[in-house]
Every structure is written in structure tokens, then in C-alpha cells.
file data24.cif (mmCIF, C-alpha atoms)
data_final
#
loop_
_atom_site.label_atom_id
_atom_site.label_comp_id
_atom_site.auth_asym_id
_atom_site.auth_seq_id
_atom_site.Cartn_x
_atom_site.Cartn_y
_atom_site.Cartn_z
CA MET A 10 77.85 115.82 75.90
CA THR A 11 76.42 118.28 78.39
CA ASP A 12 75.54 121.74 77.09
CA ALA A 13 76.29 124.80 79.21
CA PRO A 14 72.86 125.41 80.81
CA ASP A 15 72.60 121.77 81.88
CA ARG A 16 76.07 121.97 83.37
CA SER A 17 75.09 124.93 85.54
CA HIS A 18 72.10 122.98 86.85
CA PHE A 19 74.37 120.01 87.53
CA ILE A 20 76.64 122.28 89.61
CA ARG A 21 73.69 123.72 91.52
CA GLY A 22 72.56 120.18 92.31
CA LEU A 23 76.05 119.35 93.53
CA LYS A 24 75.98 122.39 95.86
CA ASP A 25 72.46 121.74 97.16
CA GLY A 26 73.35 118.11 97.87
CA ALA A 27 76.62 118.99 99.64
CA PRO A 28 75.23 119.62 103.17
CA PHE A 29 74.14 115.98 103.27
CA ILE A 30 77.83 115.01 103.39
CA LEU A 31 77.45 115.56 107.14
CA VAL A 32 74.82 112.82 107.25
CA ILE A 33 76.24 110.43 104.66
CA VAL A 34 79.82 110.19 105.90
CA PRO A 35 79.16 109.30 109.57
CA PHE A 36 76.29 107.00 108.56
CA GLY A 37 78.44 105.21 105.96
CA LEU A 38 81.36 104.91 108.42
CA LEU A 39 79.00 103.45 110.99
CA PHE A 40 77.62 100.96 108.50
CA GLY A 41 81.13 99.81 107.59
CA VAL A 42 82.04 99.44 111.26
CA VAL A 43 78.84 97.58 112.21
CA ALA A 44 79.15 95.33 109.12
CA THR A 45 82.66 94.21 110.07
CA GLU A 46 81.47 93.69 113.66
CA ALA A 47 78.83 91.34 112.23
CA GLY A 48 81.59 89.39 110.48
CA LEU A 49 81.44 90.83 106.93
CA ASN A 50 84.71 91.51 105.11
CA VAL A 51 85.48 94.83 103.38
CA PHE A 52 84.31 93.63 99.98
CA GLU A 53 80.99 92.32 101.35
CA SER A 54 80.39 95.56 103.25
CA LEU A 55 81.05 97.65 100.14
CA ALA A 56 78.87 95.35 98.03
CA PHE A 57 76.02 95.99 100.46
CA SER A 58 76.38 99.76 100.03
CA VAL A 59 76.79 99.63 96.23
CA VAL A 60 74.02 97.14 95.50
CA VAL A 61 71.46 98.42 97.99
CA ILE A 62 72.37 102.14 98.71
CA ALA A 63 69.80 102.57 101.47
CA GLY A 64 71.30 103.02 104.92
CA ALA A 65 68.27 102.19 107.04
CA ALA A 66 67.44 99.02 105.07
CA GLN A 67 71.10 97.93 105.17
CA PHE A 68 71.21 98.31 108.97
CA THR A 69 67.92 96.44 109.28
CA ALA A 70 69.18 93.55 107.14
CA LEU A 71 72.44 93.39 109.07
CA GLN A 72 70.72 93.36 112.44
CA LEU A 73 68.32 90.59 111.44
CA LEU A 74 71.11 88.56 109.79
CA SER A 75 73.06 88.78 113.05
CA ASP A 76 69.93 87.59 114.89
CA ASN A 77 70.14 84.53 112.65
CA LEU A 78 66.68 84.94 111.07
CA PRO A 79 65.87 83.22 107.75
CA ALA A 80 66.83 85.13 104.59
CA VAL A 81 63.18 85.51 103.52
CA ILE A 82 62.31 87.28 106.78
CA VAL A 83 65.38 89.51 106.51
CA LEU A 84 64.41 90.47 102.96
CA ILE A 85 60.76 91.19 103.74
CA SER A 86 61.62 93.34 106.77
CA ALA A 87 64.37 95.32 105.02
CA LEU A 88 62.22 95.86 101.93
CA ALA A 89 59.40 97.10 104.16
CA VAL A 90 61.82 99.76 105.44
CA ASN A 91 62.44 100.72 101.80
CA LEU A 92 58.78 100.95 100.76
CA ARG A 93 59.09 104.72 101.00
CA MET A 94 61.33 104.55 97.90
CA ALA A 95 58.21 103.65 95.90
CA MET A 96 56.67 106.88 97.15
CA TYR A 97 59.75 108.83 96.03
CA SER A 98 59.58 107.11 92.67
CA ALA A 99 55.92 108.08 92.24
CA SER A 100 56.54 111.63 93.36
CA ILE A 101 59.57 112.27 91.09
CA THR A 102 57.92 110.75 88.01
CA PRO A 103 56.08 113.92 86.88
CA HIS A 104 59.48 115.69 86.79
CA LEU A 105 61.76 113.07 85.25
CA GLY A 106 59.19 110.80 83.57
CA GLN A 107 59.82 112.27 80.10
CA MET A 108 63.53 111.41 80.07
CA PRO A 109 64.77 108.46 77.97
CA LEU A 110 64.47 105.07 79.68
CA TRP A 111 68.22 104.67 80.35
CA LYS A 112 68.31 108.02 82.19
CA ARG A 113 65.26 107.07 84.24
CA ALA A 114 66.92 103.74 85.03
CA LEU A 115 70.04 105.58 86.27
CA ALA A 116 67.98 108.10 88.25
CA ALA A 117 66.11 105.23 89.94
CA TYR A 118 69.42 103.74 91.11
CA VAL A 119 70.44 106.97 92.92
CA LEU A 120 66.94 107.80 94.22
CA VAL A 121 67.66 107.84 97.97
CA ASP A 122 66.36 109.92 100.90
CA GLN A 123 68.82 112.76 100.41
CA THR A 124 68.72 113.05 96.61
CA TYR A 125 64.94 112.87 96.67
CA ALA A 126 64.58 115.52 99.39
CA THR A 127 66.97 117.91 97.64
CA ALA A 128 65.48 117.44 94.19
CA VAL A 129 61.83 117.65 95.17
CA LEU A 130 62.39 120.95 97.01
CA GLU A 131 64.16 122.36 93.96
CA PHE A 132 61.51 121.16 91.48
CA GLU A 133 58.71 122.66 93.58
CA LYS A 134 60.63 125.95 93.83
CA ARG A 135 61.38 126.10 90.08
CA PRO A 136 58.53 124.45 88.18
CA ASP A 137 59.69 126.10 84.91
CA LEU A 138 62.84 123.94 84.60
CA THR A 139 62.92 121.66 81.56
CA PRO A 140 63.06 117.87 82.19
CA SER A 141 66.67 117.85 81.00
CA GLN A 142 67.62 120.66 83.41
CA LYS A 143 65.86 118.79 86.21
CA PHE A 144 67.77 115.64 85.31
CA ALA A 145 71.07 117.59 85.35
CA PHE A 146 70.23 118.96 88.79
CA PHE A 147 69.33 115.50 90.05
CA ALA A 148 72.57 114.06 88.66
CA GLY A 149 74.43 116.81 90.54
CA THR A 150 72.86 115.96 93.90
CA ALA A 151 73.54 112.26 93.33
CA SER A 152 77.19 113.01 92.53
CA ALA A 153 77.54 114.88 95.82
CA ILE A 154 76.09 112.00 97.82
CA VAL A 155 76.46 108.53 96.32
CA PRO A 156 80.27 108.23 95.85
CA LEU A 157 80.77 109.37 99.45
CA TRP A 158 78.41 106.65 100.63
CA TYR A 159 80.71 104.03 99.04
CA ALA A 160 83.91 105.68 100.28
CA SER A 161 82.75 106.05 103.87
CA THR A 162 81.52 102.44 103.95
CA ILE A 163 84.97 101.20 102.88
CA THR A 164 86.68 103.42 105.44
CA GLY A 165 84.38 102.21 108.20
CA ALA A 166 84.93 98.58 107.22
CA LEU A 167 88.72 99.06 107.22
CA VAL A 168 88.86 100.60 110.72
CA GLY A 169 85.97 98.52 112.07
CA SER A 170 87.89 95.45 113.21
CA SER A 171 90.21 97.57 115.38
CA ILE A 172 87.38 98.92 117.55
CA PRO A 173 87.21 97.45 121.11
CA ASP A 174 84.03 96.02 122.70
CA SER A 175 84.03 98.71 125.41
CA LEU A 176 82.77 101.17 122.77
CA ALA A 177 79.34 99.48 123.09
CA LEU A 178 78.78 99.50 119.32
CA ASP A 179 75.84 97.15 119.84
CA PHE A 180 73.93 100.32 120.52
CA ALA A 181 75.09 102.25 117.44
CA VAL A 182 72.20 100.95 115.34
CA PRO A 183 69.38 101.80 117.82
CA ILE A 184 70.82 105.30 118.34
CA THR A 185 71.16 105.93 114.62
CA PHE A 186 67.61 104.82 113.96
CA LEU A 187 66.19 106.91 116.79
CA ALA A 188 68.08 109.90 115.43
CA LEU A 189 66.52 109.28 112.00
CA ILE A 190 63.01 108.70 113.35
CA ALA A 191 62.76 111.65 115.73
CA PRO A 192 62.92 114.45 113.11
CA ALA A 193 60.37 112.51 111.02
CA LEU A 194 57.74 112.83 113.78
CA ARG A 195 56.34 115.91 112.13
CA THR A 196 52.60 115.48 112.65
CA LEU A 197 50.17 113.76 115.01
CA ALA A 198 49.75 111.06 112.35
CA HIS A 199 53.50 110.33 112.33
CA VAL A 200 53.59 110.19 116.14
CA ALA A 201 50.55 107.89 116.23
CA ALA A 202 52.16 105.56 113.66
CA ALA A 203 55.45 105.45 115.58
CA PHE A 204 53.68 104.79 118.88
CA THR A 205 51.59 101.97 117.37
CA SER A 206 54.71 100.45 115.87
CA VAL A 207 56.56 100.41 119.22
CA ALA A 208 53.59 99.15 121.25
CA LEU A 209 52.75 96.27 118.88
CA ALA A 210 56.40 95.32 118.26
CA LEU A 211 56.90 94.93 122.03
CA THR A 212 53.58 93.10 122.46
CA PHE A 213 54.34 90.58 119.71
CA MET A 214 58.10 90.36 120.37
CA SER A 215 58.03 86.63 121.10
CA LEU A 216 56.42 85.66 117.77
CA PRO A 217 58.81 83.73 115.51
CA TYR A 218 60.34 85.02 112.24
CA ASN A 219 60.04 88.64 113.26
CA LEU A 220 56.32 88.43 112.51
CA GLY A 221 55.72 90.84 115.40
CA LEU A 222 57.52 93.60 113.51
CA LEU A 223 55.52 92.95 110.35
CA ILE A 224 52.23 93.09 112.27
CA ALA A 225 53.40 96.26 114.01
CA ALA A 226 54.50 97.94 110.77
CA VAL A 227 51.36 97.17 108.78
CA SER A 228 49.11 98.30 111.65
CA ALA A 229 51.17 101.44 112.19
CA MET A 230 50.93 102.43 108.51
CA ALA A 231 47.15 102.02 108.67
CA VAL A 232 46.99 104.10 111.88
CA GLY A 233 49.13 106.87 110.37
CA ALA A 234 47.03 106.99 107.19
CA GLU A 235 43.76 106.96 109.13
CA VAL A 236 44.82 109.73 111.53
CA GLU A 237 45.90 111.83 108.56
CA ARG A 238 42.54 111.24 106.83
CA ARG A 239 40.60 112.33 109.92
CA MET A 240 42.81 115.37 110.49
CA THR A 241 42.35 116.60 106.91
CA GLN A 242 38.60 115.95 107.14
CA LYS A 243 38.41 118.05 110.28
CA ALA A 244 40.46 120.81 108.66
CA ALA A 245 38.27 120.86 105.55
CA MET B 1170 77.78 87.33 117.53
CA THR B 1171 76.78 84.46 115.22
CA ASP B 1172 78.65 84.27 111.96
CA ILE B 1173 76.46 84.97 108.95
CA PRO B 1174 76.69 82.17 106.32
CA THR B 1175 78.22 83.55 103.11
CA LEU B 1176 75.52 82.24 100.78
CA LYS B 1177 72.74 83.68 102.93
CA LEU B 1178 74.54 87.02 103.11
CA TRP B 1179 74.78 87.25 99.30
CA ILE B 1180 71.16 86.17 98.86
CA VAL B 1181 70.17 89.06 101.13
CA ILE B 1182 72.53 91.60 99.50
CA LEU B 1183 71.41 90.76 95.95
CA GLY B 1184 67.74 90.26 96.86
CA LEU B 1185 67.58 93.49 98.80
CA GLY B 1186 69.41 95.31 96.00
CA ALA B 1187 67.02 94.00 93.35
CA GLY B 1188 63.94 94.66 95.50
CA SER B 1189 65.03 98.18 96.43
CA TYR B 1190 65.84 98.97 92.82
CA PHE B 1191 62.42 97.72 91.77
CA LEU B 1192 60.75 99.99 94.36
CA ARG B 1193 62.69 103.00 93.04
CA PHE B 1194 62.13 102.17 89.38
CA VAL B 1195 58.51 101.03 89.51
CA PHE B 1196 56.80 104.37 88.94
CA LEU B 1197 59.58 106.34 87.30
CA GLY B 1198 60.30 103.59 84.79
CA LEU B 1199 57.06 101.72 84.30
CA ILE B 1200 54.12 103.95 85.13
CA GLY B 1201 55.33 107.18 83.52
CA ASP B 1202 53.02 110.15 84.06
CA ARG B 1203 49.99 108.44 85.64
CA GLN B 1204 49.03 109.37 89.24
CA LEU B 1205 48.79 106.90 92.13
CA PRO B 1206 45.54 106.70 94.07
CA GLU B 1207 45.62 109.01 97.07
CA TRP B 1208 45.01 106.23 99.62
CA VAL B 1209 48.12 104.36 98.46
CA LEU B 1210 50.28 107.49 98.79
CA ARG B 1211 48.76 108.14 102.21
CA HIS B 1212 49.91 104.71 103.45
CA LEU B 1213 53.33 105.00 101.82
CA ARG B 1214 53.98 108.28 103.68
CA TYR B 1215 54.07 106.37 106.98
CA THR B 1216 56.30 103.41 106.06
CA ALA B 1217 59.47 104.79 107.68
CA VAL B 1218 57.83 105.76 111.00
CA ALA B 1219 55.85 102.50 110.98
CA VAL B 1220 58.81 100.16 110.52
CA LEU B 1221 61.83 101.74 112.20
CA PRO B 1222 60.43 102.38 115.73
CA GLY B 1223 59.17 98.80 116.00
CA LEU B 1224 62.50 97.52 114.74
CA VAL B 1225 64.58 99.23 117.43
CA ALA B 1226 62.17 99.20 120.40
CA PRO B 1227 63.00 95.64 121.57
CA ALA B 1228 66.75 96.26 121.18
CA ILE B 1229 66.47 99.46 123.25
CA ILE B 1230 64.36 98.07 126.07
CA PHE B 1231 65.84 94.55 126.20
CA PRO B 1232 69.41 94.96 124.80
CA PRO B 1233 71.11 91.66 123.80
CA ALA B 1234 74.45 93.08 125.07
CA THR B 1235 73.15 93.07 128.66
CA GLY B 1236 71.55 89.63 128.33
CA GLY B 1237 68.15 91.13 127.55
CA ASN B 1238 67.89 93.06 130.83
CA PRO B 1239 66.84 96.71 130.63
CA ASP B 1240 69.93 98.88 131.07
CA PRO B 1241 69.80 102.43 132.49
CA ALA B 1242 72.72 103.65 130.36
CA ARG B 1243 71.14 102.48 127.11
CA LEU B 1244 67.65 103.71 128.06
CA GLY B 1245 69.09 107.12 128.97
CA ALA B 1246 71.02 107.34 125.72
CA ALA B 1247 67.89 106.42 123.76
CA ALA B 1248 65.83 109.11 125.52
CA VAL B 1249 68.46 111.80 124.86
CA THR B 1250 68.77 110.79 121.19
CA LEU B 1251 65.01 110.92 120.68
CA ALA B 1252 64.65 114.31 122.44
CA LEU B 1253 67.59 115.89 120.56
CA GLY B 1254 66.36 114.54 117.24
CA TYR B 1255 62.85 115.77 117.85
CA PHE B 1256 63.74 119.26 119.02
CA THR B 1257 66.78 120.03 116.82
CA ARG B 1258 65.57 118.04 113.75
CA ASN B 1259 69.27 117.34 113.24
CA VAL B 1260 70.25 113.68 112.80
CA ILE B 1261 73.95 114.19 113.47
CA VAL B 1262 73.40 116.23 116.65
CA ALA B 1263 71.07 113.49 117.92
CA ILE B 1264 73.57 110.68 117.17
CA ILE B 1265 76.48 112.50 118.82
CA GLY B 1266 74.39 113.50 121.85
CA GLY B 1267 73.07 109.95 122.25
CA ALA B 1268 76.54 108.41 121.97
CA MET B 1269 77.99 110.87 124.51
CA THR B 1270 75.13 110.12 126.92
CA LEU B 1271 75.71 106.38 126.51
CA TYR B 1272 79.44 106.64 127.29
CA ALA B 1273 78.89 109.04 130.19
CA LEU B 1274 76.27 106.76 131.77
CA LEU B 1275 78.27 103.57 131.12
CA TYR B 1276 81.25 105.24 132.83
CA LEU B 1277 79.23 106.64 135.75
CA LEU B 1278 77.13 103.54 136.36
CA GLY B 1279 79.69 100.98 135.16
#
call {"tool": "encode", "arguments": {"input": "data24.cif", "output": "C-alpha cells"}}
result
Amino acid sequence: MTDAPDRSHFIRGLKDGAPFILVIVPFGLLFGVVATEAGLNVFESLAFSVVVIAGAAQFTALQLLSDNLPAVIVLISALAVNLRMAMYSASITPHLGQMPLWKRALAAYVLVDQTYATAVLEFEKRPDLTPSQKFAFFAGTASAIVPLWYASTITGALVGSSIPDSLALDFAVPITFLALIAPALRTLAHVAAAFTSVALALTFMSLPYNLGLLIAAVSAMAVGAEVERRMTQKAA
Amino acid sequence: MTDIPTLKLWIVILGLGAGSYFLRFVFLGLIGDRQLPEWVLRHLRYTAVAVLPGLVAPAIIFPPATGGNPDPARLGAAAVTLALGYFTRNVIVAIIGGAMTLYALLYLLG
């Protein structure tokens, strides 16, 4: 049972998460459409969204599966995209770490870009919230976002097969990713990482098993971290 | 497009689900209140911008749909998407602007 104060935090979480509907619904629709284009049925598309709930990693996996790469390579590449989730997990732990294990297990399942971003802003703004109030808020944001992710995936998968080739949906994934990357280029370190990633991925494009991307990603992370270290040293 | 074998698809769905869940749960569930070393966090901050640009760059410059030849419509759409995303910081605006550019250029150049 939820007591009254927790319920009010749940509702605030719901409201703060609501603007992300504008991101989740088109993105979920697009995933459903692209998944059916790749030959998945509605159930398989939905399973992807329910089991994985991570748009960027799902698109990555789908693209590489369509390129007919081995499952191991698909998994490594898509999990690399999701490594940031480990950072979210580390960063949210001081706030939700005192909750019972089953609540932490649930929170981990719905820890995605949007719930994390909403919750972390709130927790920094209101450090005096109790862990249980924070959990209620987090549950609210997740309730605004996660069910819509499933629903929009199903809808996209249902309409997907009726979309003609002239719509050039082959380019939906690159455009979506660019749109996600561009706002993330916040600092010189982010720009340097992105530039390294592109340059090395193109240089090593012909390597088998998508190894070029792995080389590019690992090098780009190191470049980003190193640029950040030097920038903060200079500032200090 | 090649059909994806069903078994392989489910291996990827379940494997990716389990792996992603592990990444989300690892600190919250297992580590509790302890802090990560700063250098690990510093690398983790750049995973998204390190992986995603390299993933899409070949598909943008050498699109499979045009037989791997650079295509002005797709390059133009990519440039508009990137610029809109960077300056407006709005993902949806960037997607819509990029898609409109793609269709306009495909129509004009097609």
C-alpha cells in the first residue's frame, strides 16, 4: 500500500516524465516499423522492446542482424551501446541503494535514458527526499514512459508492413541516431570522442565482424576521457 | 533484406535483455553505496558518443540502399539532422527536419 506522501511523489514523477512522451512514441513507432521491415513479426518486435527496453541498443542489434553478422558480434556491439546504463546504475545507487532488493531489481529494469535523466535532476534539486519518496518519484517517471514504449512498438509493428519502399526507411535509423547524438555533443570531449569514432569506424570499415566499430568505440571512449581529464586539469 | 533466422533473433533478444539488465542492476543491486573509481566513470560518460557515431557513419556515407555509393539526398538529410540536433538540442525536431530534407532532396534529385 502506498501512503499519501509517497503517492504525491509518484504523481510528480509521472508529470515530470510526461514530456518524454514526445520522444518515446515516435521512437517506439519507428522501432516497430523498422523491425517489421527487417522481417520480425509483431510478437518478436514487442519482445525486443519488453526484454531490452533500450531504443538505441535495439536499433543497433536490428541493423547488425540485418547485415547478417554473427550473434556474438551483434550482442557485443549492442551491449557496448548500453554501457552507459552501468553509469546510470552507479549514479542512482546513492539515492535508491537503501531500498529493499526487490524494489532495486524493479528500478533497474526501468532504468533508461529518460527515467534516469528525470530522476537524477529531481534528486539533485531535492536532496532531502527520503529513499522511499525518491523511489515513488522514480516509479512515477517509469509509469509515464515504459508502457508507452511497448504500446508504440506494437503500433509501429502493426502498420510497418504497409509502408512502401519509396519512403526510404533504410535511412530512418541513421537519422534517428544522428538526432540522438547531436544534442549529446555538449563539450569538446564529447565532440572529440564522436569525431574519433567516425574517423576510425570509416578507416576500419572493411574489417570483418564489425571489429572496426569496436576499435573505433574503445578508442573514442579513451579520447573522450583523456580530453576531459586535460580540460579539468587546465581549469584547476 | 536478408531474413534473420528465428533462433539467432531470440538469442540476441534474450542475450541483449539479460546483458542490459545486468548493466542496469550491477551497481544498484550488487555494489550498494560504494563509489566507483573516477577514471571508470570518466570513460563510461563517453560510451554513447563513442559507439553511435561510428555505427551510423558507414551507413550515411556509403548507404546500402544506393548500392554503397554516396548519395546527395542522404548526405544532405544527415547534415540537416546533425545541425538541427546540435543547435536546438531537440531530438524530435532533428528527426522531423532530417526526414523532410531527405524526402525533399529525393524528390528534387530523383
call {"tool": "residues_around", "arguments": {"input": "data24.cif", "residues": "Arg238 (chain A)", "least_positions_apart": "4", "cutoff": "12 Å", "atoms": "all atoms listed in the file", "output": "PyMOL selection string"}}
result
(chain A and resi 197-198+231-234+242-245) or (chain B and resi 1207-1208+1210-1212)
call {"tool": "write_last_selection", "arguments": {"input": "data24.cif", "atoms": "C-alpha atoms", "output": "PDB file, keeping the file's coordinate frame"}}
result
ATOM      1  CA  LEU A 197      50.170 113.760 115.010  1.00  0.00           C
ATOM      2  CA  ALA A 198      49.750 111.060 112.350  1.00  0.00           C
ATOM      3  CA  ALA A 231      47.150 102.020 108.670  1.00  0.00           C
ATOM      4  CA  VAL A 232      46.990 104.100 111.880  1.00  0.00           C
ATOM      5  CA  GLY A 233      49.130 106.870 110.370  1.00  0.00           C
ATOM      6  CA  ALA A 234      47.030 106.990 107.190  1.00  0.00           C
ATOM      7  CA  GLN A 242      38.600 115.950 107.140  1.00  0.00           C
ATOM      8  CA  LYS A 243      38.410 118.050 110.280  1.00  0.00           C
ATOM      9  CA  ALA A 244      40.460 120.810 108.660  1.00  0.00           C
ATOM     10  CA  ALA A 245      38.270 120.860 105.550  1.00  0.00           C
TER      11      ALA A 245
ATOM     12  CA  GLU B1207      45.620 109.010  97.070  1.00  0.00           C
ATOM     13  CA  TRP B1208      45.010 106.230  99.620  1.00  0.00           C
ATOM     14  CA  LEU B1210      50.280 107.490  98.790  1.00  0.00           C
ATOM     15  CA  ARG B1211      48.760 108.140 102.210  1.00  0.00           C
ATOM     16  CA  HIS B1212      49.910 104.710 103.450  1.00  0.00           C
TER      17      HIS B1212
END
call {"tool": "closest_residue", "arguments": {"input": "data24.cif", "among": "B:Pro1222, B:Leu1277, B:Gly1237, B:Met1269", "to": "chain A", "atoms": "only C-alpha atoms"}}
result
B:Pro1222
call {"tool": "residues_around", "arguments": {"input": "data24.cif", "residues": "region 26-39 of chain A", "least_positions_apart": "5", "cutoff": "7 Å", "atoms": "all atoms listed in the file", "output": "short mmCIF file (atom, residue, chain, number, x, y, z; two decimals) with C-alpha atoms, in the coordinates of the input"}}
result
data_model
loop_
_atom_site.label_atom_id
_atom_site.label_comp_id
_atom_site.auth_asym_id
_atom_site.auth_seq_id
_atom_site.Cartn_x
_atom_site.Cartn_y
_atom_site.Cartn_z
CA GLN A 123 68.82 112.76 100.41
CA THR A 124 68.72 113.05 96.61
CA THR A 127 66.97 117.91 97.64
CA THR A 150 72.86 115.96 93.90
CA ALA A 153 77.54 114.88 95.82
CA ILE A 154 76.09 112.00 97.82
CA LEU A 157 80.77 109.37 99.45
CA TRP A 158 78.41 106.65 100.63
CA SER A 161 82.75 106.05 103.87
CA THR A 162 81.52 102.44 103.95
CA THR A 164 86.68 103.42 105.44
CA GLY A 165 84.38 102.21 108.20
CA ILE B 1261 73.95 114.19 113.47
#
call {"tool": "interface_residues", "arguments": {"input": "data24.cif", "of": "chain A", "to": "chain B", "cutoff": "7 Å", "atoms": "all atoms listed in the file", "output": "PyMOL selection string"}}
result
chain A and resi 32+47-48+57+60-61+74-75+80+84+88+90-96+98-99+102-103+106+110+113-114+117-118+120+179+183-192+199+202-203+206-207+210-211+222+225-226+229-231+233-234
call {"tool": "atom_distance", "arguments": {"input": "data24.cif", "atom1": "CA of Gly1279 (chain B)", "atom2": "CA of Ser175 (chain A)"}}
result
10.9 Å
call {"tool": "atom_distance", "arguments": {"input": "data24.cif", "atom1": "CA of Thr205 (chain A)", "atom2": "CA of Ala66 (chain A)"}}
result
20.3 Å
call {"tool": "closest_residue", "arguments": {"input": "data24.cif", "among": "A:Val59, A:Asn77, A:Val236, A:Ile101", "to": "Ala160 (chain A)", "atoms": "all atoms listed in the file"}}
result
A:Val59
call {"tool": "closest_residue", "arguments": {"input": "data24.cif", "among": "A:Leu194, A:Ala89, A:Ala70, A:Leu105", "to": "Phe147 (chain A)", "atoms": "only C-alpha atoms"}}
result
A:Leu105
call {"tool": "atom_distance", "arguments": {"input": "data24.cif", "atom1": "CA of His18 (chain A)", "atom2": "CA of Tyr97 (chain A)"}}
result
20.9 Å
call {"tool": "residues_around", "arguments": {"input": "data24.cif", "residues": "Leu138 (chain A)", "least_positions_apart": "4", "cutoff": "12 Å", "atoms": "only C-alpha atoms", "output": "ChimeraX atom specification"}}
result
/A:14-15,18,104-105,128,131-134,142-147
call {"tool": "closest_residue", "arguments": {"input": "data24.cif", "among": "A:Gln107, A:Thr45, A:Ser17, A:Ser54", "to": "Gln67 (chain A)", "atoms": "all atoms listed in the file"}}
result
A:Ser54
call {"tool": "closest_residue", "arguments": {"input": "data24.cif", "among": "A:Ile172, A:Ala208, A:Ala193, A:Ala166", "to": "Val51 (chain A)", "atoms": "only C-alpha atoms"}}
result
A:Ala166
